[in-house]
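Notes follow once the structure below has been shown.
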Amino acid sequence: LISTEDWFFKPPYPSSLLVHASIWTALLGTVFAVYGFWIAPIGWEYALYLWLYAVAWFIFNDSVKMWTFRLLRS
């Protein structure tokens, strides 16, 4: 079983290098958006809304992925 065929938060986990690169890039992008480096600032309230939106879609997409694998294997 490969990691793409199961829920995201189950082993095998991604490497720590990939996790750290993803987390730090997302945090740095959030800071840039909040304070307006090279773009119009959005503020912390909108940044929180965007994070919640992204997490909700992540969970939804992982559920659709699992449903699709289940459907294709039946």
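Starting from 1 in every chain, residues are counted up; chains themselves are A, B, ... following the order of the structure tokens, and ligands are numbered from 1 as listed.
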What lies within 12 Å of A:Arg73 using only C-alpha atoms, ignoring chain neighbours under 6 positions off, as a PyMOL selection string?
-> chain A and resi 5+66-67
Using DSSP on the backbone coordinates, identify the residues of chain A assigned to helix (DSSP H, G or I); present them as a PyMOL selection string.
-> chain A and resi 3-5+16-35+43-73
Grab the residues selected above and save them as a JSON list (two decimals), in the first residue's frame with C-alpha atoms.
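Output file again_33.json follows:
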[["chain", "number", "residue", "atom", "x", "y", "z"],
["A", 3, "SER", "CA", 0.81, 6.53, 0.93],
["A", 4, "THR", "CA", -1.42, 8.07, -1.74],
["A", 5, "GLU", "CA", -3.92, 5.23, -1.40],
["A", 16, "SER", "CA", 10.65, 15.54, 7.65],
["A", 17, "LEU", "CA", 12.46, 17.59, 4.99],
["A", 18, "LEU", "CA", 9.26, 17.79, 2.92],
["A", 19, "VAL", "CA", 7.12, 18.57, 5.99],
["A", 20, "HIS", "CA", 9.44, 21.35, 7.17],
["A", 21, "ALA", "CA", 9.74, 22.86, 3.68],
["A", 22, "SER", "CA", 5.94, 22.89, 3.32],
["A", 23, "ILE", "CA", 5.26, 24.34, 6.76],
["A", 24, "TRP", "CA", 7.90, 27.08, 6.58],
["A", 25, "THR", "CA", 6.87, 28.06, 3.05],
["A", 26, "ALA", "CA", 3.22, 28.33, 4.09],
["A", 27, "LEU", "CA", 4.09, 30.36, 7.19],
["A", 28, "LEU", "CA", 6.39, 32.67, 5.25],
["A", 29, "GLY", "CA", 3.73, 33.15, 2.57],
["A", 30, "THR", "CA", 1.19, 33.95, 5.27],
["A", 31, "VAL", "CA", 3.46, 36.58, 6.82],
["A", 32, "PHE", "CA", 4.10, 38.11, 3.39],
["A", 33, "ALA", "CA", 0.35, 38.27, 2.69],
["A", 34, "VAL", "CA", -0.55, 39.62, 6.15],
["A", 35, "TYR", "CA", 2.03, 42.42, 6.15],
["A", 43, "GLY", "CA", -4.43, 41.23, 7.67],
["A", 44, "TRP", "CA", -4.56, 38.35, 10.12],
["A", 45, "GLU", "CA", -8.35, 37.90, 9.95],
["A", 46, "TYR", "CA", -8.35, 37.12, 6.23],
["A", 47, "ALA", "CA", -5.23, 34.99, 6.64],
["A", 48, "LEU", "CA", -7.07, 32.87, 9.22],
["A", 49, "TYR", "CA", -10.04, 32.52, 6.88],
["A", 50, "LEU", "CA", -7.72, 31.38, 4.10],
["A", 51, "TRP", "CA", -6.04, 28.82, 6.34],
["A", 52, "LEU", "CA", -9.43, 27.44, 7.44],
["A", 53, "TYR", "CA", -10.57, 27.32, 3.81],
["A", 54, "ALA", "CA", -7.41, 25.48, 2.76],
["A", 55, "VAL", "CA", -7.67, 22.95, 5.60],
["A", 56, "ALA", "CA", -11.35, 22.31, 4.86],
["A", 57, "TRP", "CA", -10.61, 21.64, 1.19],
["A", 58, "PHE", "CA", -7.67, 19.43, 2.14],
["A", 59, "ILE", "CA", -9.93, 17.25, 4.30],
["A", 60, "PHE", "CA", -12.63, 17.22, 1.61],
["A", 61, "ASN", "CA", -10.14, 16.24, -1.11],
["A", 62, "ASP", "CA", -8.65, 13.47, 1.03],
["A", 63, "SER", "CA", -12.17, 12.11, 1.59],
["A", 64, "VAL", "CA", -12.93, 12.21, -2.14],
["A", 65, "LYS", "CA", -9.63, 10.45, -2.83],
["A", 66, "MET", "CA", -10.50, 7.65, -0.41],
["A", 67, "TRP", "CA", -14.02, 7.32, -1.82],
["A", 68, "THR", "CA", -12.62, 7.17, -5.36],
["A", 69, "PHE", "CA", -10.09, 4.46, -4.48],
["A", 70, "ARG", "CA", -12.84, 2.47, -2.76],
["A", 71, "LEU", "CA", -15.13, 2.85, -5.79],
["A", 72, "LEU", "CA", -12.44, 1.84, -8.28],
["A", 73, "ARG", "CA", -11.47, -1.25, -6.28]]
